[in-house]
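Chemist: As input, take work.pdb (PDB, N, CA and C atoms):
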```
ATOM      1  N   MET E  18      95.253  58.432 -16.087
ATOM      2  CA  MET E  18      93.971  58.961 -15.620
ATOM      3  C   MET E  18      92.854  58.277 -16.398
ATOM      4  N   GLN E  19      91.895  57.717 -15.681
ATOM      5  CA  GLN E  19      90.731  57.095 -16.299
ATOM      6  C   GLN E  19      89.505  57.920 -15.944
ATOM      7  N   ARG E  20      88.540  57.923 -16.834
ATOM      8  CA  ARG E  20      87.267  58.599 -16.576
ATOM      9  C   ARG E  20      86.169  57.554 -16.532
ATOM     10  N   TYR E  21      85.238  57.774 -15.581
ATOM     11  CA  TYR E  21      84.099  56.865 -15.438
ATOM     12  C   TYR E  21      82.817  57.675 -15.457
ATOM     13  N   LEU E  22      81.831  57.179 -16.199
ATOM     14  CA  LEU E  22      80.487  57.741 -16.202
ATOM     15  C   LEU E  22      79.698  57.012 -15.129
ATOM     16  N   ILE E  23      79.191  57.750 -14.159
ATOM     17  CA  ILE E  23      78.434  57.164 -13.055
ATOM     18  C   ILE E  23      76.989  56.963 -13.513
ATOM     19  N   ASN E  24      76.514  55.720 -13.450
ATOM     20  CA  ASN E  24      75.168  55.380 -13.925
ATOM     21  C   ASN E  24      74.107  55.428 -12.830
ATOM     22  N   THR E  25      74.515  55.338 -11.581
ATOM     23  CA  THR E  25      73.613  55.327 -10.436
ATOM     24  C   THR E  25      74.126  56.336  -9.423
ATOM     25  N   PRO E  26      73.267  57.174  -8.833
ATOM     26  CA  PRO E  26      73.752  58.113  -7.824
ATOM     27  C   PRO E  26      74.600  57.392  -6.773
ATOM     28  N   THR E  27      75.744  57.980  -6.452
ATOM     29  CA  THR E  27      76.740  57.323  -5.605
ATOM     30  C   THR E  27      77.276  58.309  -4.574
ATOM     31  N   VAL E  28      77.513  57.823  -3.372
ATOM     32  CA  VAL E  28      78.001  58.657  -2.274
ATOM     33  C   VAL E  28      79.494  58.925  -2.426
ATOM     34  N   ALA E  29      79.894  60.152  -2.078
ATOM     35  CA  ALA E  29      81.301  60.546  -2.031
ATOM     36  C   ALA E  29      81.503  61.405  -0.791
ATOM     37  N   VAL E  30      82.749  61.505  -0.338
ATOM     38  CA  VAL E  30      83.083  62.305   0.843
ATOM     39  C   VAL E  30      84.029  63.416   0.425
ATOM     40  N   ILE E  31      83.682  64.643   0.803
ATOM     41  CA  ILE E  31      84.570  65.785   0.574
ATOM     42  C   ILE E  31      85.448  65.930   1.803
ATOM     43  N   GLU E  32      86.763  65.930   1.584
ATOM     44  CA  GLU E  32      87.719  65.953   2.695
ATOM     45  C   GLU E  32      88.021  67.369   3.165
ATOM     46  N   GLN E  33      87.031  68.118   3.465
ATOM     47  CA  GLN E  33      87.241  69.431   4.061
ATOM     48  C   GLN E  33      87.028  69.285   5.548
ATOM     49  N   SER E  34      87.196  70.372   6.240
ATOM     50  CA  SER E  34      86.889  70.351   7.670
ATOM     51  C   SER E  34      85.670  71.230   7.878
ATOM     52  N   PRO E  35      84.564  70.698   8.288
ATOM     53  CA  PRO E  35      84.283  69.289   8.545
ATOM     54  C   PRO E  35      84.049  68.533   7.243
ATOM     55  N   ARG E  36      84.229  67.213   7.293
ATOM     56  CA  ARG E  36      83.966  66.379   6.126
ATOM     57  C   ARG E  36      82.485  66.425   5.792
ATOM     58  N   ARG E  37      82.200  66.359   4.503
ATOM     59  CA  ARG E  37      80.809  66.355   4.060
ATOM     60  C   ARG E  37      80.570  65.172   3.144
ATOM     61  N   VAL E  38      79.392  64.600   3.256
ATOM     62  CA  VAL E  38      78.990  63.523   2.360
ATOM     63  C   VAL E  38      78.100  64.128   1.284
ATOM     64  N   ILE E  39      78.410  63.820   0.037
ATOM     65  CA  ILE E  39      77.607  64.308  -1.087
ATOM     66  C   ILE E  39      77.167  63.116  -1.923
ATOM     67  N   THR E  40      76.265  63.369  -2.838
ATOM     68  CA  THR E  40      75.853  62.356  -3.804
ATOM     69  C   THR E  40      76.328  62.784  -5.178
ATOM     70  N   VAL E  41      77.053  61.902  -5.834
ATOM     71  CA  VAL E  41      77.461  62.132  -7.217
ATOM     72  C   VAL E  41      76.295  61.652  -8.078
ATOM     73  N   PRO E  42      75.646  62.567  -8.802
ATOM     74  CA  PRO E  42      74.448  62.184  -9.553
ATOM     75  C   PRO E  42      74.758  61.269 -10.736
ATOM     76  N   SER E  43      73.756  60.504 -11.155
ATOM     77  CA  SER E  43      73.927  59.699 -12.362
ATOM     78  C   SER E  43      74.184  60.640 -13.537
ATOM     79  N   GLY E  44      74.975  60.181 -14.479
ATOM     80  CA  GLY E  44      75.343  61.006 -15.624
ATOM     81  C   GLY E  44      76.604  61.819 -15.394
ATOM     82  N   SER E  45      77.154  61.782 -14.180
ATOM     83  CA  SER E  45      78.369  62.522 -13.861
ATOM     84  C   SER E  45      79.595  61.748 -14.324
ATOM     85  N   VAL E  46      80.641  62.490 -14.674
ATOM     86  CA  VAL E  46      81.911  61.879 -15.041
ATOM     87  C   VAL E  46      82.914  62.200 -13.948
ATOM     88  N   ILE E  47      83.595  61.164 -13.466
ATOM     89  CA  ILE E  47      84.649  61.348 -12.473
ATOM     90  C   ILE E  47      85.974  60.930 -13.092
ATOM     91  N   GLU E  48      87.053  61.487 -12.575
ATOM     92  CA  GLU E  48      88.391  61.127 -13.028
ATOM     93  C   GLU E  48      89.065  60.311 -11.933
ATOM     94  N   VAL E  49      89.581  59.164 -12.322
ATOM     95  CA  VAL E  49      90.226  58.240 -11.383
ATOM     96  C   VAL E  49      91.700  58.166 -11.771
ATOM     97  N   PRO E  50      92.609  58.505 -10.837
ATOM     98  CA  PRO E  50      94.028  58.588 -11.188
ATOM     99  C   PRO E  50      94.742  57.242 -11.312
ATOM    100  N   LEU E  51      94.102  56.147 -10.925
ATOM    101  CA  LEU E  51      94.775  54.857 -10.963
ATOM    102  C   LEU E  51      93.822  53.774 -11.427
ATOM    103  N   SER E  52      94.370  52.650 -11.801
ATOM    104  CA  SER E  52      93.554  51.524 -12.236
ATOM    105  C   SER E  52      92.779  50.960 -11.051
ATOM    106  N   LEU E  53      91.526  50.608 -11.268
ATOM    107  CA  LEU E  53      90.691  50.061 -10.200
ATOM    108  C   LEU E  53      90.854  48.557 -10.025
ATOM    109  N   ASN E  54      91.647  47.928 -10.872
ATOM    110  CA  ASN E  54      91.841  46.482 -10.776
ATOM    111  C   ASN E  54      92.464  46.114  -9.438
ATOM    112  N   GLY E  55      91.743  45.319  -8.652
ATOM    113  CA  GLY E  55      92.254  44.855  -7.370
ATOM    114  C   GLY E  55      92.217  45.871  -6.250
ATOM    115  N   ILE E  56      91.732  47.071  -6.510
ATOM    116  CA  ILE E  56      91.669  48.125  -5.487
ATOM    117  C   ILE E  56      90.349  48.008  -4.740
ATOM    118  N   GLN E  57      90.418  48.147  -3.415
ATOM    119  CA  GLN E  57      89.215  48.153  -2.584
ATOM    120  C   GLN E  57      89.289  49.345  -1.641
ATOM    121  N   GLY E  58      88.126  49.761  -1.157
ATOM    122  CA  GLY E  58      88.078  50.837  -0.178
ATOM    123  C   GLY E  58      88.050  52.206  -0.823
ATOM    124  N   LEU E  59      88.243  53.217   0.010
ATOM    125  CA  LEU E  59      88.162  54.608  -0.433
ATOM    126  C   LEU E  59      89.393  55.014  -1.222
ATOM    127  N   ILE E  60      89.148  55.717  -2.328
ATOM    128  CA  ILE E  60      90.231  56.269  -3.125
ATOM    129  C   ILE E  60      89.887  57.713  -3.468
ATOM    130  N   GLU E  61      90.914  58.495  -3.762
ATOM    131  CA  GLU E  61      90.698  59.880  -4.174
ATOM    132  C   GLU E  61      90.390  59.920  -5.656
ATOM    133  N   VAL E  62      89.324  60.654  -6.007
ATOM    134  CA  VAL E  62      88.950  60.873  -7.402
ATOM    135  C   VAL E  62      88.625  62.352  -7.562
ATOM    136  N   THR E  63      88.478  62.791  -8.791
ATOM    137  CA  THR E  63      88.111  64.174  -9.059
ATOM    138  C   THR E  63      86.694  64.213  -9.602
ATOM    139  N   PHE E  64      85.865  65.040  -8.972
ATOM    140  CA  PHE E  64      84.473  65.243  -9.385
ATOM    141  C   PHE E  64      84.220  66.740  -9.413
ATOM    142  N   ASN E  65      83.820  67.261 -10.565
ATOM    143  CA  ASN E  65      83.584  68.706 -10.724
ATOM    144  C   ASN E  65      84.789  69.533 -10.289
ATOM    145  N   GLY E  66      85.992  69.054 -10.602
ATOM    146  CA  GLY E  66      87.206  69.785 -10.284
ATOM    147  C   GLY E  66      87.637  69.715  -8.838
ATOM    148  N   GLU E  67      86.949  68.921  -8.039
ATOM    149  CA  GLU E  67      87.243  68.820  -6.611
ATOM    150  C   GLU E  67      87.654  67.386  -6.274
ATOM    151  N   THR E  68      88.636  67.238  -5.386
ATOM    152  CA  THR E  68      89.052  65.908  -4.942
ATOM    153  C   THR E  68      88.084  65.413  -3.881
ATOM    154  N   VAL E  69      87.538  64.226  -4.129
ATOM    155  CA  VAL E  69      86.606  63.595  -3.192
ATOM    156  C   VAL E  69      87.036  62.147  -2.999
ATOM    157  N   LEU E  70      86.498  61.515  -1.976
ATOM    158  CA  LEU E  70      86.747  60.104  -1.721
ATOM    159  C   LEU E  70      85.529  59.293  -2.145
ATOM    160  N   MET E  71      85.793  58.216  -2.879
ATOM    161  CA  MET E  71      84.727  57.297  -3.266
ATOM    162  C   MET E  71      85.245  55.880  -3.101
ATOM    163  N   PHE E  72      84.329  54.942  -2.895
ATOM    164  CA  PHE E  72      84.714  53.546  -2.808
ATOM    165  C   PHE E  72      85.002  53.012  -4.208
ATOM    166  N   ALA E  73      86.136  52.339  -4.365
ATOM    167  CA  ALA E  73      86.496  51.742  -5.657
ATOM    168  C   ALA E  73      85.422  50.765  -6.116
ATOM    169  N   GLU E  74      84.852  50.023  -5.166
ATOM    170  CA  GLU E  74      83.797  49.064  -5.506
ATOM    171  C   GLU E  74      82.580  49.771  -6.106
ATOM    172  N   ASP E  75      82.217  50.935  -5.548
ATOM    173  CA  ASP E  75      81.083  51.697  -6.082
ATOM    174  C   ASP E  75      81.358  52.159  -7.508
ATOM    175  N   ILE E  76      82.577  52.609  -7.755
ATOM    176  CA  ILE E  76      82.916  53.080  -9.096
ATOM    177  C   ILE E  76      82.820  51.927 -10.088
ATOM    178  N   ARG E  77      83.358  50.778  -9.735
ATOM    179  CA  ARG E  77      83.285  49.607 -10.629
ATOM    180  C   ARG E  77      81.843  49.158 -10.846
ATOM    181  N   ASP E  78      81.038  49.133  -9.760
ATOM    182  CA  ASP E  78      79.673  48.618  -9.843
ATOM    183  C   ASP E  78      78.692  49.609 -10.467
ATOM    184  N   ARG E  79      78.935  50.892 -10.287
ATOM    185  CA  ARG E  79      77.939  51.901 -10.687
ATOM    186  C   ARG E  79      78.400  52.809 -11.817
ATOM    187  N   GLY E  80      79.590  52.561 -12.323
ATOM    188  CA  GLY E  80      80.109  53.395 -13.393
ATOM    189  C   GLY E  80      80.628  52.560 -14.534
ATOM    190  N   LYS E  81      80.924  53.234 -15.640
ATOM    191  CA  LYS E  81      81.538  52.537 -16.755
ATOM    192  C   LYS E  81      82.631  53.446 -17.300
ATOM    193  N   PRO E  82      83.747  52.831 -17.705
ATOM    194  CA  PRO E  82      84.838  53.631 -18.251
ATOM    195  C   PRO E  82      84.396  54.340 -19.520
ATOM    196  N   VAL E  83      84.859  55.553 -19.693
ATOM    197  CA  VAL E  83      84.600  56.301 -20.921
ATOM    198  C   VAL E  83      85.938  56.807 -21.434
ATOM    199  N   SER E  84      86.038  56.916 -22.753
ATOM    200  CA  SER E  84      87.266  57.438 -23.333
ATOM    201  C   SER E  84      87.154  58.946 -23.445
ATOM    202  N   THR E  85      88.276  59.610 -23.522
ATOM    203  CA  THR E  85      88.258  61.069 -23.662
ATOM    204  C   THR E  85      87.685  61.457 -25.024
ATOM    205  N   ALA E  86      87.733  60.542 -26.002
ATOM    206  CA  ALA E  86      87.178  60.832 -27.329
ATOM    207  C   ALA E  86      85.665  60.962 -27.292
ATOM    208  N   SER E  87      85.002  60.294 -26.321
ATOM    209  CA  SER E  87      83.538  60.340 -26.269
ATOM    210  C   SER E  87      83.043  61.477 -25.383
ATOM    211  N   MET E  88      83.944  62.264 -24.832
ATOM    212  CA  MET E  88      83.559  63.360 -23.937
ATOM    213  C   MET E  88      83.126  64.573 -24.746
TER     214      MET E  88
END
```
What is this file in structure tokens?
Modeler:
Amino acid sequence: MQRYLINTPTVAVIEQSPRRVITVPSGSVIEVPLSLNGIQGLIEVTFNGETVLMFAEDIRDRGKPVSTASM
């Protein structure tokens, strides 16, 4: 599990019925269950305890990895 600090507001999709688009605000920490190396497209991440879909490219471009020690 990796954690990323989002530096720029970024769109995410909540997979409920109906699906909803939300904005993950800057300063938010998301949990990514897999390495983003070579991954493209939508992936499941955890934001505020909820599973949402975000683009791997957005996470790489708009976030930075953080260690659990700095949380």
Chemist: For Leu70 (chain E), list every protein, DNA or RNA residue within 8 Å, evaluated using only N, CA and C atoms, and leave out those in the same chain fewer than 6 positions away; present the list as a ChimeraX atom specification.
Modeler: /E:28-32,58-64
Chemist: Store the residues picked out above, limited to N, CA and C atoms, as a CSV table (one decimal), in the frame of the given file.
Modeler:
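Resulting contents of out-v8.csv:
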```csv
chain,number,residue,atom,x,y,z
E,28,VAL,N,77.5,57.8,-3.4
E,28,VAL,CA,78.0,58.7,-2.3
E,28,VAL,C,79.5,58.9,-2.4
E,29,ALA,N,79.9,60.2,-2.1
E,29,ALA,CA,81.3,60.5,-2.0
E,29,ALA,C,81.5,61.4,-0.8
E,30,VAL,N,82.7,61.5,-0.3
E,30,VAL,CA,83.1,62.3,0.8
E,30,VAL,C,84.0,63.4,0.4
E,31,ILE,N,83.7,64.6,0.8
E,31,ILE,CA,84.6,65.8,0.6
E,31,ILE,C,85.4,65.9,1.8
E,32,GLU,N,86.8,65.9,1.6
E,32,GLU,CA,87.7,66.0,2.7
E,32,GLU,C,88.0,67.4,3.2
E,58,GLY,N,88.1,49.8,-1.2
E,58,GLY,CA,88.1,50.8,-0.2
E,58,GLY,C,88.0,52.2,-0.8
E,59,LEU,N,88.2,53.2,0.0
E,59,LEU,CA,88.2,54.6,-0.4
E,59,LEU,C,89.4,55.0,-1.2
E,60,ILE,N,89.1,55.7,-2.3
E,60,ILE,CA,90.2,56.3,-3.1
E,60,ILE,C,89.9,57.7,-3.5
E,61,GLU,N,90.9,58.5,-3.8
E,61,GLU,CA,90.7,59.9,-4.2
E,61,GLU,C,90.4,59.9,-5.7
E,62,VAL,N,89.3,60.7,-6.0
E,62,VAL,CA,89.0,60.9,-7.4
E,62,VAL,C,88.6,62.4,-7.6
E,63,THR,N,88.5,62.8,-8.8
E,63,THR,CA,88.1,64.2,-9.1
E,63,THR,C,86.7,64.2,-9.6
E,64,PHE,N,85.9,65.0,-9.0
E,64,PHE,CA,84.5,65.2,-9.4
E,64,PHE,C,84.2,66.7,-9.4
```
Chemist: Translate the PyMOL selection byres ((chain E and resi 46) around 6), as applied to the file shown, into an explicit residue set as a list in words.
Modeler: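 Those residues are Tyr21, Leu22, Ile23, Gly44, Ser45, Ile47, Glu48 and Phe64 of chain E.
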Chemist: Could you dump the residues just selected with N, CA and C atoms as a PDB file, in the frame of the given file?
Modeler:
```
ATOM      1  N   TYR E  21      85.238  57.774 -15.581  1.00  0.00           N
ATOM      2  CA  TYR E  21      84.099  56.865 -15.438  1.00  0.00           C
ATOM      3  C   TYR E  21      82.817  57.675 -15.457  1.00  0.00           C
ATOM      4  N   LEU E  22      81.831  57.179 -16.199  1.00  0.00           N
ATOM      5  CA  LEU E  22      80.487  57.741 -16.202  1.00  0.00           C
ATOM      6  C   LEU E  22      79.698  57.012 -15.129  1.00  0.00           C
ATOM      7  N   ILE E  23      79.191  57.750 -14.159  1.00  0.00           N
ATOM      8  CA  ILE E  23      78.434  57.164 -13.055  1.00  0.00           C
ATOM      9  C   ILE E  23      76.989  56.963 -13.513  1.00  0.00           C
ATOM     10  N   GLY E  44      74.975  60.181 -14.479  1.00  0.00           N
ATOM     11  CA  GLY E  44      75.343  61.006 -15.624  1.00  0.00           C
ATOM     12  C   GLY E  44      76.604  61.819 -15.394  1.00  0.00           C
ATOM     13  N   SER E  45      77.154  61.782 -14.180  1.00  0.00           N
ATOM     14  CA  SER E  45      78.369  62.522 -13.861  1.00  0.00           C
ATOM     15  C   SER E  45      79.595  61.748 -14.324  1.00  0.00           C
ATOM     16  N   ILE E  47      83.595  61.164 -13.466  1.00  0.00           N
ATOM     17  CA  ILE E  47      84.649  61.348 -12.473  1.00  0.00           C
ATOM     18  C   ILE E  47      85.974  60.930 -13.092  1.00  0.00           C
ATOM     19  N   GLU E  48      87.053  61.487 -12.575  1.00  0.00           N
ATOM     20  CA  GLU E  48      88.391  61.127 -13.028  1.00  0.00           C
ATOM     21  C   GLU E  48      89.065  60.311 -11.933  1.00  0.00           C
ATOM     22  N   PHE E  64      85.865  65.040  -8.972  1.00  0.00           N
ATOM     23  CA  PHE E  64      84.473  65.243  -9.385  1.00  0.00           C
ATOM     24  C   PHE E  64      84.220  66.740  -9.413  1.00  0.00           C
TER      25      PHE E  64
END
```
Chemist: DSSP on the backbone: which residues in chain E end up as helix (DSSP H, G or I)? Give the answer as a PyMOL selection string.
Modeler: chain E and resi 73-79+85-87
Chemist: So how far away is CA of Ile56 (chain E) from atom N of Pro42 (chain E), in Å?
Modeler: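 Separation between atom N of Pro42 (chain E) and CA of Ile56 (chain E): 21.8 Å.
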Chemist: Using only N, CA and C atoms for the distances, tell me which of E:Ser52, E:Ser43, E:Gly80, E:Glu67 is nearest to Gln19 (chain E).
Modeler: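 The answer is E:Ser52, which sits nearest to Gln19 (chain E).
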Chemist: Return as a ChimeraX atom specification the full set of residues in chain E whose backbone-based DSSP assignment is strand (DSSP E).
Modeler: /E:19-23,27-31,37-41,46-49,59-64,67-72,80-83
Chemist: In Å, with one decimal, what is the gap from atom C of Arg36 (chain E) to CA of Asn65 (chain E)?
Modeler: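 Pair atom C of Arg36 (chain E) / CA of Asn65 (chain E) returns 16.7 Å.
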Chemist: How big is the axis-aligned box around the listed atoms of region 21-28 of chain E once 8 Å is added on each side, and where is its centre? Give both in Å to one decimal, as AutoDock Vina command-line options.
Modeler:
```
--center_x 79.3 --center_y 57.1 --center_z -9.2 --size_x 28.0 --size_y 19.6 --size_z 29.9
```
Chemist: Between E:Ala73, E:Arg37, E:Arg20, E:Thr68, which one has atoms that come closest to Val49 (chain E), using only C-alpha atoms?
Modeler: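 Under the stated criterion, the closest residue is E:Arg20.
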Chemist: Quick check, in Å to one decimal: how far apart do atom N of Leu53 (chain E) and atom C of Val83 (chain E) lie?
Modeler: 13.2 Å
Chemist: Pick from E:Thr40, E:Gln57, E:Asn24, E:Ser34: nearest to Glu74 (chain E), with all atoms listed in the file counted?
Modeler: E:Gln57
Chemist: Hey, could you patch up region 40-51 of chain E with all heavy atoms and hand it over as a PDB file, in the frame of the given file?
Modeler:
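For reference, rebuild.pdb as written:
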```pdb
ATOM      1  N   THR E  40      76.265  63.369  -2.838  1.00  0.00           N
ATOM      2  CA  THR E  40      75.853  62.356  -3.804  1.00  0.00           C
ATOM      3  C   THR E  40      76.328  62.784  -5.178  1.00  0.00           C
ATOM      4  O   THR E  40      76.053  63.906  -5.610  1.00  0.00           O
ATOM      5  CB  THR E  40      74.327  62.188  -3.810  1.00  0.00           C
ATOM      6  OG1 THR E  40      73.912  61.779  -2.503  1.00  0.00           O
ATOM      7  CG2 THR E  40      73.892  61.146  -4.826  1.00  0.00           C
ATOM      8  N   VAL E  41      77.053  61.902  -5.834  1.00  0.00           N
ATOM      9  CA  VAL E  41      77.461  62.132  -7.217  1.00  0.00           C
ATOM     10  C   VAL E  41      76.295  61.652  -8.078  1.00  0.00           C
ATOM     11  O   VAL E  41      75.953  60.469  -8.054  1.00  0.00           O
ATOM     12  CB  VAL E  41      78.755  61.349  -7.542  1.00  0.00           C
ATOM     13  CG1 VAL E  41      79.115  61.502  -9.013  1.00  0.00           C
ATOM     14  CG2 VAL E  41      79.902  61.796  -6.640  1.00  0.00           C
ATOM     15  N   PRO E  42      75.646  62.567  -8.802  1.00  0.00           N
ATOM     16  CA  PRO E  42      74.448  62.184  -9.553  1.00  0.00           C
ATOM     17  C   PRO E  42      74.758  61.269 -10.736  1.00  0.00           C
ATOM     18  O   PRO E  42      75.869  61.281 -11.278  1.00  0.00           O
ATOM     19  CB  PRO E  42      73.883  63.513 -10.051  1.00  0.00           C
ATOM     20  CG  PRO E  42      74.756  64.582  -9.528  1.00  0.00           C
ATOM     21  CD  PRO E  42      75.954  63.973  -8.906  1.00  0.00           C
ATOM     22  N   SER E  43      73.756  60.504 -11.155  1.00  0.00           N
ATOM     23  CA  SER E  43      73.927  59.699 -12.362  1.00  0.00           C
ATOM     24  C   SER E  43      74.184  60.640 -13.537  1.00  0.00           C
ATOM     25  O   SER E  43      73.695  61.767 -13.563  1.00  0.00           O
ATOM     26  CB  SER E  43      72.698  58.827 -12.619  1.00  0.00           C
ATOM     27  OG  SER E  43      71.556  59.625 -12.785  1.00  0.00           O
ATOM     28  N   GLY E  44      74.975  60.181 -14.479  1.00  0.00           N
ATOM     29  CA  GLY E  44      75.343  61.006 -15.624  1.00  0.00           C
ATOM     30  C   GLY E  44      76.604  61.819 -15.394  1.00  0.00           C
ATOM     31  O   GLY E  44      77.088  62.475 -16.307  1.00  0.00           O
ATOM     32  N   SER E  45      77.154  61.782 -14.180  1.00  0.00           N
ATOM     33  CA  SER E  45      78.369  62.522 -13.861  1.00  0.00           C
ATOM     34  C   SER E  45      79.595  61.748 -14.324  1.00  0.00           C
ATOM     35  O   SER E  45      79.602  60.513 -14.345  1.00  0.00           O
ATOM     36  CB  SER E  45      78.498  62.752 -12.351  1.00  0.00           C
ATOM     37  OG  SER E  45      77.429  63.521 -11.874  1.00  0.00           O
ATOM     38  N   VAL E  46      80.641  62.490 -14.674  1.00  0.00           N
ATOM     39  CA  VAL E  46      81.911  61.879 -15.041  1.00  0.00           C
ATOM     40  C   VAL E  46      82.914  62.200 -13.948  1.00  0.00           C
ATOM     41  O   VAL E  46      83.045  63.350 -13.525  1.00  0.00           O
ATOM     42  CB  VAL E  46      82.414  62.398 -16.401  1.00  0.00           C
ATOM     43  CG1 VAL E  46      83.804  61.849 -16.706  1.00  0.00           C
ATOM     44  CG2 VAL E  46      81.445  62.008 -17.506  1.00  0.00           C
ATOM     45  N   ILE E  47      83.595  61.164 -13.466  1.00  0.00           N
ATOM     46  CA  ILE E  47      84.649  61.348 -12.473  1.00  0.00           C
ATOM     47  C   ILE E  47      85.974  60.930 -13.092  1.00  0.00           C
ATOM     48  O   ILE E  47      86.003  60.131 -14.033  1.00  0.00           O
ATOM     49  CB  ILE E  47      84.385  60.540 -11.182  1.00  0.00           C
ATOM     50  CG1 ILE E  47      84.314  59.041 -11.481  1.00  0.00           C
ATOM     51  CG2 ILE E  47      83.123  61.027 -10.481  1.00  0.00           C
ATOM     52  CD1 ILE E  47      84.357  58.170 -10.251  1.00  0.00           C
ATOM     53  N   GLU E  48      87.053  61.487 -12.575  1.00  0.00           N
ATOM     54  CA  GLU E  48      88.391  61.127 -13.028  1.00  0.00           C
ATOM     55  C   GLU E  48      89.065  60.311 -11.933  1.00  0.00           C
ATOM     56  O   GLU E  48      89.100  60.732 -10.775  1.00  0.00           O
ATOM     57  CB  GLU E  48      89.205  62.373 -13.334  1.00  0.00           C
ATOM     58  CG  GLU E  48      88.655  63.157 -14.498  1.00  0.00           C
ATOM     59  CD  GLU E  48      89.468  64.391 -14.811  1.00  0.00           C
ATOM     60  OE1 GLU E  48      90.281  64.829 -13.965  1.00  0.00           O
ATOM     61  OE2 GLU E  48      89.290  64.931 -15.913  1.00  0.00           O
ATOM     62  N   VAL E  49      89.581  59.164 -12.322  1.00  0.00           N
ATOM     63  CA  VAL E  49      90.226  58.240 -11.383  1.00  0.00           C
ATOM     64  C   VAL E  49      91.700  58.166 -11.771  1.00  0.00           C
ATOM     65  O   VAL E  49      92.018  57.792 -12.906  1.00  0.00           O
ATOM     66  CB  VAL E  49      89.563  56.845 -11.454  1.00  0.00           C
ATOM     67  CG1 VAL E  49      90.209  55.889 -10.473  1.00  0.00           C
ATOM     68  CG2 VAL E  49      88.065  56.958 -11.187  1.00  0.00           C
ATOM     69  N   PRO E  50      92.609  58.505 -10.837  1.00  0.00           N
ATOM     70  CA  PRO E  50      94.028  58.588 -11.188  1.00  0.00           C
ATOM     71  C   PRO E  50      94.742  57.242 -11.312  1.00  0.00           C
ATOM     72  O   PRO E  50      95.884  57.203 -11.742  1.00  0.00           O
ATOM     73  CB  PRO E  50      94.628  59.409 -10.054  1.00  0.00           C
ATOM     74  CG  PRO E  50      93.738  59.139  -8.889  1.00  0.00           C
ATOM     75  CD  PRO E  50      92.362  58.948  -9.474  1.00  0.00           C
ATOM     76  N   LEU E  51      94.102  56.147 -10.925  1.00  0.00           N
ATOM     77  CA  LEU E  51      94.775  54.857 -10.963  1.00  0.00           C
ATOM     78  C   LEU E  51      93.822  53.774 -11.427  1.00  0.00           C
ATOM     79  O   LEU E  51      92.610  53.967 -11.451  1.00  0.00           O
ATOM     80  CB  LEU E  51      95.356  54.508  -9.587  1.00  0.00           C
ATOM     81  CG  LEU E  51      94.439  54.732  -8.371  1.00  0.00           C
ATOM     82  CD1 LEU E  51      93.663  53.491  -8.032  1.00  0.00           C
ATOM     83  CD2 LEU E  51      95.283  55.159  -7.198  1.00  0.00           C
TER      84      LEU E  51
END
```
